[in-house]
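Notes follow once the structure below has been shown.
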Amino acid sequence: MRIGIIGSSGGSVVRELTKATGTSHSFAIVTDRACGLETLADEYALPWSRIIEPDNTLFSDQARHYFDQQGGVDLVLLFYLRLVTPELFNAYPTFNLHPSLLPEYRGFNAIERAFEDRADDIGATLHLVDEQADHGPIIAQVSTRLKKGAGIDYMHRISFAQKTYLVFYLIDRFEAEGDNWIASGQGGSPKMNPEITDEALRDSYRQFALREGLGDVL
């Protein structure tokens with residue numbers, strides 16, 4: 001499987017994915033600024049390109065063109081705060097990870113707003129991308145009950161684990177069924193805390209969670 005990544009982040013979730021999948025997958029990375037993803041790409045000898053383009057439509061078209069040049073991708077993962085446009089997501093299935101149980105806490109600072117509201121649970125959502133921010137069809141969600149008095153740093157650590165889990169779940173489903181499962185799953189309710197069926201991916205997540213001291217998050 002070939003995976004496209006668009007991001008402007010530190011790349012922590014992508015690092016766990018590359019470690020888990022080894023040489024069984026290939027990656028192509030697009031950034032819009034200097035960031036940890038570029039460092040990770042150099043470390044793992046992954047192809048990457050920085051596209052500095054303020055217009056979302058032009059950026060999306062150039063990102064699609066870069067993925068085309070790399071031989072195409074099976075899917076695109078966003079770790080990115082800007083909107084992308086149909087020039088990208090009509091060409092490749094494009095997924096976003098949002099740190100809340102959408103439609104709750106759409107937009108920026110979702111974890112901070114949940115903390116301020118003294119939420120009992122923290123969640124994350126995997127969804128297809130469309131023209132609106134944090135809006136497209138929801139594929140799966142995960143939710144964790146918070147310990148009493150959980151601080152904001154702990155909530156961010158849980159969110160990191162949840163997003164890692166959802167990425168592993170996405171790869172698991174694509175490996176098992178290709179993109180057919182996307183259409184078949186859009187007619188019903190999104191899966192909550194879905195199971196990763198691939199043994200290697202499941203074990204990789206467990207090792208990651210234990211290493212992070214979060215073995216009981218999911």
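The chains in the structure tokens are called A, B, ... from first to last as shown; in each chain the residues are counted from 1, and the ligands are counted from 1 in the order shown.
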Item to complete: Identify, with DSSP run on backbone atoms, the residues in segment 19-183 of chain A assigned to alpha helix (DSSP H), and express the list as a PyMOL selection string.
Response: chain A and resi 19-21+36-43+56-69+86-89+110-116+152-177+180-183
Practice prompt. Show which residues sit within 12 Å of Asp179 of chain A, as a ChimeraX atom specification. Count only C-alpha atoms, and ignore same-chain residues fewer than 2 positions away.
Written response: /A:1,74-75,92-94,128,139,170-177,181-186
Include C-alpha atoms and write out the residues we just selected as a PDB file, in the first residue's frame.
```pdb
ATOM      1  CA  MET A   1       0.000   0.000   0.000  1.00  0.00           C
ATOM      2  CA  ASP A  74      -4.066   4.478  -2.193  1.00  0.00           C
ATOM      3  CA  LEU A  75      -5.149   7.066   0.360  1.00  0.00           C
ATOM      4  CA  TYR A  92      -7.614  10.163  -3.727  1.00  0.00           C
ATOM      5  CA  PRO A  93      -9.595   9.001  -0.657  1.00  0.00           C
ATOM      6  CA  THR A  94      -8.544  11.610   1.897  1.00  0.00           C
ATOM      7  CA  LEU A 128     -13.453  11.422   5.049  1.00  0.00           C
ATOM      8  CA  ILE A 139     -15.670   6.288   9.393  1.00  0.00           C
ATOM      9  CA  LEU A 170      -7.714   2.607   8.731  1.00  0.00           C
ATOM     10  CA  ILE A 171      -4.703   0.708   7.377  1.00  0.00           C
ATOM     11  CA  ASP A 172      -6.153  -2.546   8.710  1.00  0.00           C
ATOM     12  CA  ARG A 173      -9.425  -2.037   6.835  1.00  0.00           C
ATOM     13  CA  PHE A 174      -7.725  -0.949   3.618  1.00  0.00           C
ATOM     14  CA  GLU A 175      -5.462  -3.981   3.683  1.00  0.00           C
ATOM     15  CA  ALA A 176      -8.435  -6.283   4.257  1.00  0.00           C
ATOM     16  CA  GLU A 177     -11.015  -4.781   1.903  1.00  0.00           C
ATOM     17  CA  TRP A 181     -15.400  -0.781   2.850  1.00  0.00           C
ATOM     18  CA  ILE A 182     -15.688   3.034   2.780  1.00  0.00           C
ATOM     19  CA  ALA A 183     -18.835   3.036   0.675  1.00  0.00           C
ATOM     20  CA  SER A 184     -20.347   0.063   2.494  1.00  0.00           C
ATOM     21  CA  GLY A 185     -19.863   1.738   5.876  1.00  0.00           C
ATOM     22  CA  GLN A 186     -21.333   5.141   5.081  1.00  0.00           C
TER      23      GLN A 186
END
```
Contacts of Leu83 of chain A within 12 Å, only C-alpha atoms, excl. fewer than 5 positions in-chain, as a PDB file with C-alpha atoms, in the first residue's frame:
```pdb
ATOM      1  CA  ILE A   6      -0.033  15.925   4.181  1.00  0.00           C
ATOM      2  CA  GLY A   7       0.978  17.691   7.351  1.00  0.00           C
ATOM      3  CA  PRO A  54      -1.432  30.083   0.425  1.00  0.00           C
ATOM      4  CA  ASP A  55      -4.349  29.305  -1.888  1.00  0.00           C
ATOM      5  CA  ASN A  56      -6.048  26.069  -0.773  1.00  0.00           C
ATOM      6  CA  THR A  57      -7.148  25.092  -4.266  1.00  0.00           C
ATOM      7  CA  LEU A  58      -3.711  25.571  -5.769  1.00  0.00           C
ATOM      8  CA  PHE A  59      -2.077  23.795  -2.830  1.00  0.00           C
ATOM      9  CA  SER A  60      -4.436  20.816  -3.191  1.00  0.00           C
ATOM     10  CA  LEU A  78      -4.095  14.768   6.803  1.00  0.00           C
ATOM     11  CA  LEU A  88      -7.167  16.461  -3.952  1.00  0.00           C
ATOM     12  CA  PHE A  89      -9.975  14.528  -2.273  1.00  0.00           C
ATOM     13  CA  THR A  94      -8.544  11.610   1.897  1.00  0.00           C
ATOM     14  CA  PHE A  95      -8.946  11.198   5.651  1.00  0.00           C
ATOM     15  CA  ASN A  96      -8.669  13.529   8.597  1.00  0.00           C
ATOM     16  CA  GLY A 107     -12.488  23.420  14.838  1.00  0.00           C
ATOM     17  CA  VAL A 129     -12.643  14.947   3.970  1.00  0.00           C
ATOM     18  CA  ASP A 130     -15.088  17.189   2.147  1.00  0.00           C
ATOM     19  CA  GLU A 131     -15.399  20.916   1.483  1.00  0.00           C
ATOM     20  CA  GLN A 132     -16.152  21.810   5.109  1.00  0.00           C
ATOM     21  CA  ALA A 133     -13.835  21.675   8.106  1.00  0.00           C
ATOM     22  CA  ASP A 134     -14.216  18.589  10.344  1.00  0.00           C
ATOM     23  CA  HIS A 135     -17.352  17.583   8.494  1.00  0.00           C
ATOM     24  CA  GLY A 136     -17.104  14.668   6.042  1.00  0.00           C
TER      25      GLY A 136
END
```
Per residue of segment 142-189 of chain A within 12 Å of segment 111-115 of chain A, which atom pair is closest and at what distance in Å (one decimal), using only C-alpha atoms, listed by chain and increasing number, as JSON lines?
```
{"residue": "A:Leu146", "atom": "CA", "partner": "A:Phe115", "partner_atom": "CA", "distance": 10.4}
{"residue": "A:Lys148", "atom": "CA", "partner": "A:Phe115", "partner_atom": "CA", "distance": 11.7}
{"residue": "A:Gly149", "atom": "CA", "partner": "A:Phe115", "partner_atom": "CA", "distance": 10.0}
{"residue": "A:Ala150", "atom": "CA", "partner": "A:Phe115", "partner_atom": "CA", "distance": 8.6}
{"residue": "A:Gly151", "atom": "CA", "partner": "A:Phe115", "partner_atom": "CA", "distance": 7.7}
{"residue": "A:Ile152", "atom": "CA", "partner": "A:Phe115", "partner_atom": "CA", "distance": 6.4}
{"residue": "A:Asp153", "atom": "CA", "partner": "A:Ile111", "partner_atom": "CA", "distance": 9.8}
{"residue": "A:Tyr154", "atom": "CA", "partner": "A:Ile111", "partner_atom": "CA", "distance": 10.5}
{"residue": "A:Met155", "atom": "CA", "partner": "A:Ile111", "partner_atom": "CA", "distance": 7.1}
{"residue": "A:His156", "atom": "CA", "partner": "A:Ile111", "partner_atom": "CA", "distance": 7.1}
{"residue": "A:Arg157", "atom": "CA", "partner": "A:Ile111", "partner_atom": "CA", "distance": 10.6}
{"residue": "A:Ile158", "atom": "CA", "partner": "A:Ile111", "partner_atom": "CA", "distance": 10.2}
{"residue": "A:Ser159", "atom": "CA", "partner": "A:Ile111", "partner_atom": "CA", "distance": 8.2}
{"residue": "A:Phe160", "atom": "CA", "partner": "A:Ile111", "partner_atom": "CA", "distance": 11.1}
```
Item to complete: Find the spatial neighbours of Asn193 of chain A, counting only C-alpha atoms, within a cut-off of 8 Å - ignore same-chain residues fewer than 5 positions away - and output them as a ChimeraX atom specification.
Response: /A:140-143,218
Worksheet item: Any idea what's packed within 8 Å of Phe168 of chain A, counting only C-alpha atoms, ignoring anything in its chain fewer than 3 positions away? Could you give it as an MDAnalysis selection string?
Response: chainID A and resid 17 164:165 171:172 196 201:202 205
Worksheet item: Mind checking DSSP for segment 1-204 of chain A and telling me the strand (DSSP E) residues as an MDAnalysis selection string?
Response: chainID A and resid 2:7 26:31 48:50 75:79 94:98 121:128 138:145 191:192
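The coordinates place atom CA of Pro99 of chain A at 11.7 Å from atom CA of Thr144 of chain A.
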Item to complete: Provide the atom CA of Ala20 of chain A to atom CA of Asn180 of chain A distance in Å, to one decimal place.
Response: 23.7 Å
Worksheet entry | Computed interatomic separation between atom CA of Ala110 of chain A and atom CA of Thr85 of chain A (Å) |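 Calculated distance between atom CA of Ala110 of chain A and atom CA of Thr85 of chain A is 22.6 Å.
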Practice prompt. For Glu38 of chain A, list every protein, DNA or RNA residue within 12 Å, evaluated using only C-alpha atoms, and leave out those in the same chain fewer than 5 positions away; present the list as number ranges by chain.
Written response: A: 5-12, 14-15, 28-33, 43-51
